[in-house]
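Quick look at upload-v3.cif (mmCIF, C-alpha atoms and all ligand atoms):
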data_my_file
#
loop_
_atom_site.label_atom_id
_atom_site.label_comp_id
_atom_site.auth_asym_id
_atom_site.auth_seq_id
_atom_site.Cartn_x
_atom_site.Cartn_y
_atom_site.Cartn_z
CA MET A 207 -28.32 -27.41 31.80
CA SER A 208 -25.87 -24.63 30.91
CA LYS A 209 -23.06 -25.45 28.51
CA GLN A 210 -19.43 -25.85 29.56
CA PRO A 211 -17.27 -22.76 28.75
CA GLU A 212 -15.17 -24.97 26.40
CA GLN A 213 -18.27 -25.90 24.44
CA GLU A 214 -19.33 -22.26 24.21
CA LEU A 215 -15.94 -21.42 22.74
CA ILE A 216 -16.18 -24.27 20.23
CA ASP A 217 -19.68 -23.12 19.23
CA ILE A 218 -18.54 -19.51 18.73
CA ARG A 219 -15.58 -20.70 16.64
CA ALA A 220 -17.90 -22.80 14.47
CA GLY A 221 -15.05 -24.67 12.77
CA ARG A 222 -13.40 -21.46 11.54
CA ASP A 223 -9.63 -21.08 11.09
CA LEU A 224 -7.35 -18.12 10.45
CA SER A 225 -6.06 -17.60 6.90
CA VAL A 226 -2.51 -17.27 8.30
CA LEU A 227 -0.32 -19.90 10.01
CA ASP A 228 1.84 -17.33 11.87
CA LEU A 229 1.12 -13.84 13.16
CA ILE A 230 4.00 -11.67 12.03
CA SER A 231 2.13 -8.60 10.82
CA VAL A 232 -1.47 -7.45 10.77
CA ASP A 233 -1.15 -6.86 7.01
CA PRO A 234 -2.33 -10.27 5.77
CA LEU A 235 -5.26 -10.53 8.21
CA THR A 236 -8.59 -10.56 6.38
CA ASP A 237 -11.79 -9.01 7.72
CA ASP A 238 -12.94 -12.55 8.58
CA ASP A 239 -9.71 -13.21 10.50
CA ILE A 240 -10.16 -10.05 12.55
CA THR A 241 -13.79 -10.88 13.30
CA LEU A 242 -12.84 -14.42 14.32
CA ILE A 243 -10.04 -13.27 16.65
CA PHE A 244 -12.39 -10.81 18.36
CA ASP A 245 -15.41 -13.15 18.58
CA ILE A 246 -13.30 -15.65 20.45
CA ALA A 247 -11.43 -13.09 22.57
CA ARG A 248 -14.76 -11.69 23.81
CA LYS A 249 -15.94 -15.15 24.78
CA PHE A 250 -12.70 -15.85 26.67
CA ARG A 251 -13.22 -12.54 28.48
CA ASP A 252 -16.65 -13.72 29.62
CA PHE A 253 -14.98 -16.64 31.43
CA GLU A 254 -11.91 -14.93 32.78
CA THR A 255 -11.70 -17.06 35.94
CA HIS A 256 -12.12 -20.42 34.17
CA LYS A 257 -9.17 -22.66 33.31
CA PHE A 258 -9.60 -24.13 29.82
CA ASP A 259 -8.26 -27.44 28.56
CA LEU A 260 -8.50 -26.36 24.91
CA ASN A 261 -4.74 -26.56 24.22
CA LYS A 262 -3.91 -29.44 26.56
CA ASN A 263 -0.82 -31.48 25.58
CA ARG A 264 0.46 -28.59 23.48
CA SER A 265 3.44 -26.49 24.44
CA MET A 266 4.85 -23.06 23.63
CA VAL A 267 8.05 -21.13 24.27
CA ASN A 268 8.34 -17.39 24.88
CA VAL A 269 11.55 -16.50 23.08
CA PHE A 270 12.28 -12.97 24.22
CA PHE A 271 15.62 -11.78 22.84
CA GLU A 272 14.54 -8.35 24.12
CA ASN A 273 13.11 -7.70 27.59
CA SER A 274 9.44 -7.46 28.31
CA THR A 275 7.10 -7.29 31.28
CA ARG A 276 3.50 -7.23 30.13
CA THR A 277 3.74 -8.92 26.74
CA MET A 278 5.69 -11.90 28.05
CA SER A 279 3.59 -12.38 31.19
CA SER A 280 0.41 -11.98 29.18
CA PHE A 281 1.38 -14.63 26.61
CA ASP A 282 2.62 -16.93 29.35
CA LEU A 283 -0.56 -16.67 31.43
CA ALA A 284 -2.70 -16.96 28.31
CA GLY A 285 -0.96 -20.22 27.37
CA LYS A 286 -1.26 -21.59 30.90
CA ASN A 287 -4.94 -20.68 30.99
CA LEU A 288 -5.41 -22.91 27.95
CA SER A 289 -3.52 -25.72 29.79
CA MET A 290 -0.40 -25.40 27.62
CA ASP A 291 3.05 -26.23 28.91
CA THR A 292 4.96 -22.98 28.67
CA THR A 293 8.54 -21.96 29.19
CA SER A 294 10.28 -18.64 28.70
CA ILE A 295 13.69 -17.59 27.52
CA SER A 296 14.71 -14.00 28.00
CA SER A 297 17.75 -12.38 26.39
CA SER A 298 18.93 -15.74 25.09
CA SER A 299 22.40 -16.83 26.16
CA SER A 300 22.76 -18.91 22.95
CA VAL A 301 22.74 -15.77 20.80
CA LYS A 302 25.26 -14.12 23.13
CA LYS A 303 27.47 -17.20 22.59
CA GLY A 304 27.32 -16.65 18.85
CA GLU A 305 24.43 -18.88 17.74
CA SER A 306 22.14 -17.48 15.05
CA TYR A 307 18.48 -16.68 15.69
CA ILE A 308 17.49 -19.42 13.25
CA ASP A 309 19.60 -22.11 14.96
CA THR A 310 18.22 -21.12 18.38
CA ALA A 311 14.66 -21.19 17.02
CA GLN A 312 15.15 -24.55 15.28
CA THR A 313 16.53 -26.01 18.51
CA LEU A 314 13.38 -24.96 20.38
CA ASP A 315 11.22 -26.14 17.46
CA SER A 316 12.70 -29.63 17.87
CA TYR A 317 10.74 -30.00 21.12
CA ASN A 318 7.67 -30.12 18.88
CA VAL A 319 6.23 -27.00 20.41
CA LYS A 320 3.12 -25.56 18.81
CA ALA A 321 4.08 -21.88 19.17
CA LEU A 322 7.13 -19.69 19.50
CA ILE A 323 6.39 -16.21 20.80
CA VAL A 324 9.26 -14.09 19.52
CA ARG A 325 10.49 -10.64 20.50
CA THR A 326 13.64 -9.10 19.06
CA SER A 327 15.16 -5.66 18.83
CA GLU A 328 15.71 -6.22 15.09
CA SER A 329 12.94 -5.60 12.59
CA GLY A 330 12.11 -8.60 10.43
CA ALA A 331 13.58 -11.27 12.72
CA SER A 332 10.23 -12.94 13.55
CA GLU A 333 9.40 -13.30 9.90
CA MET A 334 12.75 -14.87 9.19
CA ILE A 335 12.35 -17.30 12.10
CA ALA A 336 8.80 -18.17 11.01
CA ARG A 337 10.09 -19.53 7.69
CA HIS A 338 12.49 -21.88 9.44
CA VAL A 339 10.29 -23.52 12.08
CA LYS A 340 7.20 -25.74 12.08
CA ALA A 341 5.71 -24.03 15.12
CA ALA A 342 3.42 -21.05 14.67
CA VAL A 343 5.41 -17.87 15.27
CA LEU A 344 3.66 -15.00 17.01
CA ASN A 345 5.53 -11.73 16.70
CA ALA A 346 5.66 -10.11 20.14
CA GLY A 347 7.46 -7.04 18.76
CA ASP A 348 10.29 -6.85 16.22
CA GLY A 349 12.44 -3.74 16.38
CA TRP A 350 10.68 -0.68 14.98
CA HIS A 351 8.47 -2.78 12.71
CA GLU A 352 5.34 -4.36 14.23
CA HIS A 353 3.67 -5.54 17.41
CA PRO A 354 0.49 -7.13 16.04
CA THR A 355 -1.08 -8.44 19.26
CA GLN A 356 -0.83 -4.96 20.77
CA ALA A 357 -2.75 -3.42 17.85
CA LEU A 358 -5.38 -6.17 18.02
CA LEU A 359 -5.97 -5.70 21.74
CA ASP A 360 -6.13 -1.96 21.22
CA ALA A 361 -8.69 -2.30 18.43
CA LEU A 362 -10.81 -4.62 20.61
CA THR A 363 -10.69 -2.05 23.44
CA ILE A 364 -11.89 0.74 21.13
CA LEU A 365 -14.58 -1.25 19.31
CA ASP A 366 -16.08 -2.49 22.58
CA HIS A 367 -15.99 0.93 24.22
CA TYR A 368 -18.02 2.43 21.37
CA ASP A 369 -19.98 -0.79 20.76
CA VAL A 370 -19.18 -0.74 17.02
CA THR A 371 -17.79 -3.24 14.52
CA ASP A 372 -15.49 -0.83 12.65
CA MET A 373 -13.84 2.57 13.18
CA LYS A 374 -15.36 4.34 10.17
CA ASP A 375 -16.49 7.46 12.05
CA LYS A 376 -13.68 7.43 14.65
CA ILE A 377 -10.72 9.76 14.96
CA VAL A 378 -7.67 8.20 16.62
CA THR A 379 -4.94 10.65 17.65
CA ILE A 380 -1.54 9.08 18.31
CA VAL A 381 0.91 11.28 20.18
CA GLY A 382 4.60 10.70 20.83
CA ASP A 383 7.53 8.73 19.54
CA ILE A 384 6.05 7.46 16.30
CA ARG A 385 9.44 6.97 14.61
CA HIS A 386 10.64 4.17 16.90
CA SER A 387 7.27 2.60 17.62
CA ARG A 388 6.42 -0.91 16.46
CA VAL A 389 3.08 -0.40 18.21
CA PHE A 390 2.41 2.41 15.73
CA GLY A 391 3.56 0.11 12.90
CA SER A 392 0.81 -2.40 13.63
CA MET A 393 -1.77 0.13 14.74
CA VAL A 394 -1.61 2.20 11.57
CA ARG A 395 -2.06 -0.91 9.41
CA LEU A 396 -4.93 -2.36 11.45
CA PHE A 397 -6.81 0.86 12.18
CA ASN A 398 -6.66 1.87 8.51
CA LYS A 399 -8.20 -1.52 7.63
CA LEU A 400 -10.96 -0.77 10.15
CA GLY A 401 -11.64 2.61 8.51
CA ALA A 402 -10.36 4.99 11.24
CA THR A 403 -9.15 8.52 10.64
CA ILE A 404 -5.65 8.48 12.11
CA ARG A 405 -3.92 11.65 13.25
CA VAL A 406 -0.35 11.71 14.50
CA ALA A 407 1.17 14.46 16.62
CA ALA A 408 4.90 14.50 17.31
CA PRO A 409 7.97 16.62 16.87
CA GLN A 410 9.06 16.30 13.24
CA THR A 411 12.16 14.44 14.41
CA LEU A 412 10.03 11.69 16.02
CA LEU A 413 8.05 11.02 12.86
CA PRO A 414 9.24 8.36 10.40
CA MET A 415 10.55 9.56 7.06
CA HIS A 416 7.69 9.71 4.56
CA ALA A 417 5.12 9.63 7.39
CA ASP A 418 2.62 11.05 4.89
CA LYS A 419 2.68 7.68 3.04
CA PHE A 420 1.18 5.85 6.04
CA GLY A 421 -2.37 7.11 5.50
CA VAL A 422 -2.32 9.45 8.50
CA GLU A 423 -2.89 13.17 9.03
CA ILE A 424 0.21 14.83 10.45
CA PHE A 425 0.04 17.53 13.13
CA TYR A 426 2.90 19.32 14.86
CA ASP A 427 0.51 21.05 17.26
CA VAL A 428 -0.84 18.47 19.68
CA GLU A 429 -3.85 20.59 20.61
CA ASP A 430 -5.06 20.75 17.01
CA ALA A 431 -4.59 16.99 16.72
CA LEU A 432 -6.64 16.26 19.84
CA LYS A 433 -9.76 18.24 18.86
CA ASP A 434 -12.80 15.93 18.82
CA ALA A 435 -10.65 12.77 18.86
CA HIS A 436 -12.40 9.56 19.94
CA VAL A 437 -9.15 7.96 21.05
CA VAL A 438 -6.08 9.66 22.53
CA TYR A 439 -3.20 7.21 22.22
CA ALA A 440 0.10 8.21 23.87
CA LEU A 441 3.38 6.50 23.01
CA ARG A 442 6.48 6.38 25.16
CA VAL A 443 9.65 8.23 24.20
CA GLN A 444 11.78 5.14 23.54
CA GLU A 445 15.25 6.15 24.58
CA GLU A 446 16.58 2.59 24.33
CA ARG A 447 15.71 2.71 20.62
CA GLY A 448 17.59 5.97 20.22
CA SER A 449 14.92 8.64 20.65
CA ASN A 450 16.92 10.81 23.05
CA GLY A 451 18.93 12.08 20.09
CA TYR A 452 15.74 13.37 18.47
CA ILE A 453 14.34 15.69 21.17
CA PRO A 454 15.86 18.51 23.22
CA THR A 455 15.02 17.30 26.77
CA LEU A 456 12.25 15.13 28.20
CA ARG A 457 10.96 18.13 30.15
CA GLU A 458 10.55 20.20 27.01
CA TYR A 459 9.06 17.26 25.14
CA SER A 460 6.55 16.70 27.91
CA LYS A 461 5.56 20.36 27.99
CA MET A 462 4.80 20.31 24.28
CA TYR A 463 3.34 16.81 23.82
CA GLY A 464 2.50 15.28 27.22
CA ILE A 465 -1.19 14.46 27.71
CA THR A 466 -2.64 16.65 30.47
CA ARG A 467 -6.21 17.04 31.71
CA LYS A 468 -6.55 20.26 29.71
CA ARG A 469 -5.39 18.55 26.54
CA LEU A 470 -7.57 15.49 27.06
CA ASP A 471 -10.57 17.81 27.44
CA LEU A 472 -10.09 18.93 23.83
CA ALA A 473 -11.02 15.43 22.68
CA ASN A 474 -14.53 13.97 22.43
CA ASP A 475 -16.33 13.68 25.82
CA LYS A 476 -16.24 9.87 25.61
CA ALA A 477 -12.63 9.72 24.36
CA LEU A 478 -10.50 6.86 25.63
CA LEU A 479 -7.02 7.57 26.90
CA MET A 480 -4.72 4.70 25.89
CA HIS A 481 -1.04 3.75 26.14
CA PRO A 482 0.67 0.41 25.40
CA GLY A 483 2.84 0.63 28.53
CA PRO A 484 5.27 1.03 30.07
CA VAL A 485 4.08 4.58 30.82
CA ARG A 486 6.54 7.27 31.76
CA ARG A 487 4.38 9.20 34.19
CA ASP A 488 4.54 12.97 33.73
CA VAL A 489 6.43 12.56 30.45
CA ASP A 490 3.95 10.80 28.11
CA VAL A 491 0.87 11.28 30.29
CA HIS A 492 0.22 13.38 33.39
CA SER A 493 0.41 11.07 36.40
CA ALA A 494 -3.12 11.76 37.69
CA LEU A 495 -4.60 10.49 34.41
CA VAL A 496 -2.75 7.20 34.08
CA THR A 497 -4.88 4.77 36.05
CA MET A 498 -7.18 6.87 38.25
CA ASP A 499 -9.00 8.82 35.56
CA GLU A 500 -12.23 7.27 34.29
CA GLN A 501 -11.20 8.02 30.70
CA SER A 502 -8.05 5.96 31.06
CA HIS A 503 -8.31 2.51 29.48
CA ILE A 504 -4.69 1.56 30.05
CA LEU A 505 -5.46 -1.33 32.40
CA ARG A 506 -8.41 -2.38 30.25
CA GLN A 507 -5.91 -2.73 27.39
CA VAL A 508 -3.91 -5.16 29.52
CA GLU A 509 -7.03 -7.23 30.30
CA ASN A 510 -7.96 -7.37 26.64
CA GLY A 511 -4.39 -8.42 25.87
CA MET A 512 -4.92 -11.68 27.72
CA ALA A 513 -8.17 -12.37 25.88
CA VAL A 514 -6.68 -11.63 22.45
CA ARG A 515 -3.61 -13.79 23.13
CA LYS A 516 -5.74 -16.71 24.32
CA SER A 517 -7.78 -16.39 21.17
CA LEU A 518 -4.68 -16.39 18.94
CA LEU A 519 -3.01 -19.28 20.78
CA TRP A 520 -6.11 -21.40 20.46
CA LEU A 521 -6.61 -20.53 16.79
CA LEU A 522 -2.99 -20.99 15.74
CA CYS A 523 -2.08 -24.02 17.88
CA ASN A 524 -5.29 -25.94 17.35
CA ARG A 525 -6.45 -25.73 13.76
CA ASN A 526 -9.53 -27.47 12.41
CA ASP A 527 -8.16 -27.58 8.85
CA GLY A 528 -5.02 -29.48 9.95
CA LYS A 529 -2.76 -27.13 7.92
CA THR A 530 0.92 -27.27 8.90
CA LYS A 531 4.05 -25.40 7.92
CA ASP A 532 7.16 -26.62 6.13
CA ALA A 533 10.34 -25.52 7.87
CA VAL A 534 13.27 -24.53 5.69
CA LYS A 535 16.52 -26.10 7.00
CA LEU A 536 19.74 -24.20 6.47
C1 LIG A 601 5.67 -1.63 23.80
C2 LIG A 601 6.84 -2.36 23.19
O1 LIG A 601 7.64 -2.96 23.85
O2 LIG A 601 6.88 -2.30 21.97
N1 LIG A 601 5.20 -2.13 24.98
C3 LIG A 601 4.45 -3.27 25.01
O3 LIG A 601 4.80 -4.28 24.44
N2 LIG A 601 3.29 -3.22 25.66
C4 LIG A 601 5.83 -0.17 23.77
C5 LIG A 601 7.03 0.45 24.41
O4 LIG A 601 8.04 -0.19 24.64
O5 LIG A 601 6.97 1.66 24.64
#

Kindly present the structure from the file in structure tokens form.
Ligand code: NCD
Amino acid sequence: MSKQPEQELIDIRAGRDLSVLDLISVDPLTDDDITLIFDIARKFRDFETHKFDLNKNRSMVNVFFENSTRTMSSFDLAGKNLSMDTTSISSSSSVKKGESYIDTAQTLDSYNVKALIVRTSESGASEMIARHVKAAVLNAGDGWHEHPTQALLDALTILDHYDVTDMKDKIVTIVGDIRHSRVFGSMVRLFNKLGATIRVAAPQTLLPMHADKFGVEIFYDVEDALKDAHVVYALRVQEERGSNGYIPTLREYSKMYGITRKRLDLANDKALLMHPGPVRRDVDVHSALVTMDEQSHILRQVENGMAVRKSLLWLLCNRNDGKTKDAVKL
């Protein structure tokens, strides 16, 4: 008789736990942590139509102080798929009324939830909240700093496409608004751990100060940066984070840095075209390439996002080692 999907997941996990109690940054993740997250995510992907009871009687809150479409829906559906009770708060009214992030988070923590999924427009806010609550905090994007689940789902997409366990012989070219991108913040940390060669191509004004310290090769000419790349990763020009002051016009930006068929053809034949979404068609990427082109993995990224988030919610809300956090009260 074939095993239940739940049992297959338990077998793959083999009693393992993550070394971290929250996911704020990819920095502290060990090689074993990364392997564990991906082993489980792949197994969840095998059973994408099955509803799991692995996190039954556990609840989570999406605390989105900044708006989101895919990240919030993905976490919410991932939690529900594990039979969690989930609720979502977007652009919290409590903070508008003058309450601090910590007081809002501690209020939600008092429901005895197992996870708070936190997005803020300020860098560092998730880490601060994590120290003050018992629930596991998963950073769903903090300002310009990090967006760890995005980098993990991106790495899974690349590793599976090339059927490899690291990125040692892979060139990843990231094009666009690097300066304001928390996706870049997590990607550069994780992909360096996995051994990738990372190239960035952007106008000088859209690069962070001291970009050379990030362990990347800097290109101002996008065509040079794309040659032989295994991954072409486009980032959105993030006007809401202030990028419009850093480029002349979107039309000129797009002419110089937008990914077109001709530019994509400079990359490796098997190169993946990726983007974290939301895509600005004909600015970041030529419209015909976004979802219709066989090299585009943009929707595959979204699918892998669900699998990675299920994996993390199961690992962080349901530990075998019974480790818990102490919450600092103010
Ligand atoms: C990104 C974000 O919000 O940081 N999107 C996402 O979460 N998938 C990237 C962006 O806003 O451009």

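Among the candidates A:Val485, A:Val496, A:Ile404, A:Ala284, the residue lying nearest to ligand LIG 601 (chain A) is A:Val485 (atoms considered: only C-alpha atoms and all ligand atoms).
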
Checklist line | Residue among A:Met498, A:Ala407, A:Val508, A:Leu472 lying closest to ligand LIG 601 (chain A), counting all atoms listed in the file | finding: A:Val508

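Atom to atom, CA of Tyr307 in chain A and CA of Ile335 in chain A stand 7.1 Å apart.
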
Per residue of chain A within 7 Å of ligand LIG 601 (chain A), what are the shortest atom pair and its distance in Å to one decimal, counting only C-alpha atoms and all ligand atoms, with rows by chain and residue number, as CSV?
residue,atom,partner,partner_atom,distance
A:Ser274,CA,A:LIG601,O1,6.6
A:Arg276,CA,A:LIG601,N2,6.0
A:Thr277,CA,A:LIG601,O3,5.3
A:Gly347,CA,A:LIG601,O2,5.8
A:His353,CA,A:LIG601,O2,6.4
A:Gln356,CA,A:LIG601,N2,6.6
A:Ser387,CA,A:LIG601,O2,6.6
A:Arg388,CA,A:LIG601,O2,5.7
A:Val389,CA,A:LIG601,O2,5.7
A:Leu441,CA,A:LIG601,O5,6.2
A:Arg442,CA,A:LIG601,O5,4.8
A:Gln444,CA,A:LIG601,O5,6.0
A:Pro482,CA,A:LIG601,N2,4.5
A:Gly483,CA,A:LIG601,N2,4.8
A:Pro484,CA,A:LIG601,O5,5.7

Determine, counting only C-alpha atoms, which protein, DNA and RNA residues have an atom within 10 Å of an atom of Glu423 in chain A; residues of the same chain fewer than 5 positions away are not included. Present the result as an mmCIF file with C-alpha atoms, in the coordinates of the input.
data_model
loop_
_atom_site.group_PDB
_atom_site.id
_atom_site.type_symbol
_atom_site.label_atom_id
_atom_site.label_comp_id
_atom_site.auth_asym_id
_atom_site.auth_seq_id
_atom_site.Cartn_x
_atom_site.Cartn_y
_atom_site.Cartn_z
ATOM 1 C CA THR A 379 -4.940 10.650 17.650
ATOM 2 C CA THR A 403 -9.150 8.520 10.640
ATOM 3 C CA ILE A 404 -5.650 8.480 12.110
ATOM 4 C CA ARG A 405 -3.920 11.650 13.250
ATOM 5 C CA VAL A 406 -0.350 11.710 14.500
ATOM 6 C CA ALA A 407 1.170 14.460 16.620
ATOM 7 C CA ALA A 417 5.120 9.630 7.390
ATOM 8 C CA ASP A 418 2.620 11.050 4.890
ATOM 9 C CA ALA A 431 -4.590 16.990 16.720
#

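Take CA of Asp252 in chain A and CA of Asn287 in chain A: the distance between them is 13.7 Å.
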
Check: Using all atoms listed in the file, which of A:Tyr463, A:Tyr368, A:Phe425, A:Trp520 sits nearest Leu215 in chain A?
Finding: A:Trp520

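Interatomic distance, CA of Gly391 in chain A to CA of Asp499 in chain A: 27.3 Å.
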
Take range 276-286 of chain A, model all heavy atoms, and hand the result over as a PDB file, keeping the file's coordinate frame.
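In the end it all went to out_13.pdb:
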ATOM      1  N   ARG A 276       4.906  -6.850  30.308  1.00  0.00           N
ATOM      2  CA  ARG A 276       3.500  -7.230  30.130  1.00  0.00           C
ATOM      3  C   ARG A 276       3.294  -8.208  28.978  1.00  0.00           C
ATOM      4  O   ARG A 276       2.480  -9.120  29.094  1.00  0.00           O
ATOM      5  CB  ARG A 276       2.587  -6.002  30.060  1.00  0.00           C
ATOM      6  CG  ARG A 276       2.642  -5.161  28.848  1.00  0.00           C
ATOM      7  CD  ARG A 276       2.323  -3.724  29.185  1.00  0.00           C
ATOM      8  NE  ARG A 276       3.481  -3.146  29.844  1.00  0.00           N
ATOM      9  CZ  ARG A 276       3.441  -2.259  30.821  1.00  0.00           C
ATOM     10  NH1 ARG A 276       2.307  -1.832  31.265  1.00  0.00           N
ATOM     11  NH2 ARG A 276       4.552  -1.786  31.337  1.00  0.00           N
ATOM     12  N   THR A 277       4.012  -8.035  27.884  1.00  0.00           N
ATOM     13  CA  THR A 277       3.740  -8.920  26.740  1.00  0.00           C
ATOM     14  C   THR A 277       4.116 -10.359  27.081  1.00  0.00           C
ATOM     15  O   THR A 277       3.366 -11.293  26.800  1.00  0.00           O
ATOM     16  CB  THR A 277       4.497  -8.434  25.482  1.00  0.00           C
ATOM     17  OG1 THR A 277       4.160  -7.058  25.267  1.00  0.00           O
ATOM     18  CG2 THR A 277       4.111  -9.228  24.262  1.00  0.00           C
ATOM     19  N   MET A 278       5.266 -10.534  27.722  1.00  0.00           N
ATOM     20  CA  MET A 278       5.690 -11.900  28.050  1.00  0.00           C
ATOM     21  C   MET A 278       4.771 -12.532  29.094  1.00  0.00           C
ATOM     22  O   MET A 278       4.326 -13.678  28.940  1.00  0.00           O
ATOM     23  CB  MET A 278       7.138 -11.949  28.513  1.00  0.00           C
ATOM     24  CG  MET A 278       7.611 -13.372  28.684  1.00  0.00           C
ATOM     25  SD  MET A 278       9.387 -13.535  28.628  1.00  0.00           S
ATOM     26  CE  MET A 278       9.795 -13.358  30.318  1.00  0.00           C
ATOM     27  N   SER A 279       4.451 -11.788  30.149  1.00  0.00           N
ATOM     28  CA  SER A 279       3.590 -12.380  31.190  1.00  0.00           C
ATOM     29  C   SER A 279       2.201 -12.663  30.635  1.00  0.00           C
ATOM     30  O   SER A 279       1.565 -13.661  30.983  1.00  0.00           O
ATOM     31  CB  SER A 279       3.526 -11.479  32.428  1.00  0.00           C
ATOM     32  OG  SER A 279       3.083 -10.199  32.075  1.00  0.00           O
ATOM     33  N   SER A 280       1.738 -11.797  29.752  1.00  0.00           N
ATOM     34  CA  SER A 280       0.410 -11.980  29.180  1.00  0.00           C
ATOM     35  C   SER A 280       0.353 -13.237  28.309  1.00  0.00           C
ATOM     36  O   SER A 280      -0.560 -14.068  28.442  1.00  0.00           O
ATOM     37  CB  SER A 280       0.075 -10.725  28.365  1.00  0.00           C
ATOM     38  OG  SER A 280      -1.135 -10.851  27.701  1.00  0.00           O
ATOM     39  N   PHE A 281       1.338 -13.420  27.435  1.00  0.00           N
ATOM     40  CA  PHE A 281       1.380 -14.630  26.610  1.00  0.00           C
ATOM     41  C   PHE A 281       1.514 -15.874  27.484  1.00  0.00           C
ATOM     42  O   PHE A 281       0.872 -16.896  27.254  1.00  0.00           O
ATOM     43  CB  PHE A 281       2.552 -14.574  25.626  1.00  0.00           C
ATOM     44  CG  PHE A 281       2.181 -14.035  24.271  1.00  0.00           C
ATOM     45  CD1 PHE A 281       2.699 -12.836  23.812  1.00  0.00           C
ATOM     46  CD2 PHE A 281       1.311 -14.739  23.441  1.00  0.00           C
ATOM     47  CE1 PHE A 281       2.359 -12.340  22.550  1.00  0.00           C
ATOM     48  CE2 PHE A 281       0.968 -14.254  22.179  1.00  0.00           C
ATOM     49  CZ  PHE A 281       1.502 -13.052  21.739  1.00  0.00           C
ATOM     50  N   ASP A 282       2.362 -15.767  28.500  1.00  0.00           N
ATOM     51  CA  ASP A 282       2.620 -16.930  29.350  1.00  0.00           C
ATOM     52  C   ASP A 282       1.345 -17.344  30.098  1.00  0.00           C
ATOM     53  O   ASP A 282       0.964 -18.518  30.116  1.00  0.00           O
ATOM     54  CB  ASP A 282       3.754 -16.599  30.324  1.00  0.00           C
ATOM     55  CG  ASP A 282       4.313 -17.860  30.948  1.00  0.00           C
ATOM     56  OD1 ASP A 282       4.686 -18.766  30.185  1.00  0.00           O
ATOM     57  OD2 ASP A 282       4.334 -17.948  32.182  1.00  0.00           O
ATOM     58  N   LEU A 283       0.678 -16.367  30.690  1.00  0.00           N
ATOM     59  CA  LEU A 283      -0.560 -16.670  31.430  1.00  0.00           C
ATOM     60  C   LEU A 283      -1.658 -17.133  30.477  1.00  0.00           C
ATOM     61  O   LEU A 283      -2.461 -17.997  30.829  1.00  0.00           O
ATOM     62  CB  LEU A 283      -1.009 -15.453  32.236  1.00  0.00           C
ATOM     63  CG  LEU A 283      -0.157 -15.140  33.469  1.00  0.00           C
ATOM     64  CD1 LEU A 283      -0.559 -13.801  34.082  1.00  0.00           C
ATOM     65  CD2 LEU A 283      -0.282 -16.246  34.517  1.00  0.00           C
ATOM     66  N   ALA A 284      -1.687 -16.551  29.296  1.00  0.00           N
ATOM     67  CA  ALA A 284      -2.700 -16.960  28.310  1.00  0.00           C
ATOM     68  C   ALA A 284      -2.499 -18.442  27.956  1.00  0.00           C
ATOM     69  O   ALA A 284      -3.452 -19.224  27.924  1.00  0.00           O
ATOM     70  CB  ALA A 284      -2.615 -16.089  27.064  1.00  0.00           C
ATOM     71  N   GLY A 285      -1.247 -18.822  27.697  1.00  0.00           N
ATOM     72  CA  GLY A 285      -0.960 -20.220  27.370  1.00  0.00           C
ATOM     73  C   GLY A 285      -1.333 -21.139  28.518  1.00  0.00           C
ATOM     74  O   GLY A 285      -1.970 -22.177  28.320  1.00  0.00           O
ATOM     75  N   LYS A 286      -0.960 -20.746  29.726  1.00  0.00           N
ATOM     76  CA  LYS A 286      -1.260 -21.590  30.900  1.00  0.00           C
ATOM     77  C   LYS A 286      -2.774 -21.707  31.094  1.00  0.00           C
ATOM     78  O   LYS A 286      -3.278 -22.771  31.463  1.00  0.00           O
ATOM     79  CB  LYS A 286      -0.611 -21.005  32.156  1.00  0.00           C
ATOM     80  CG  LYS A 286       0.909 -21.183  32.143  1.00  0.00           C
ATOM     81  CD  LYS A 286       1.529 -20.773  33.461  1.00  0.00           C
ATOM     82  CE  LYS A 286       2.920 -21.351  33.633  1.00  0.00           C
ATOM     83  NZ  LYS A 286       3.995 -20.522  33.103  1.00  0.00           N
TER      84      LYS A 286
END
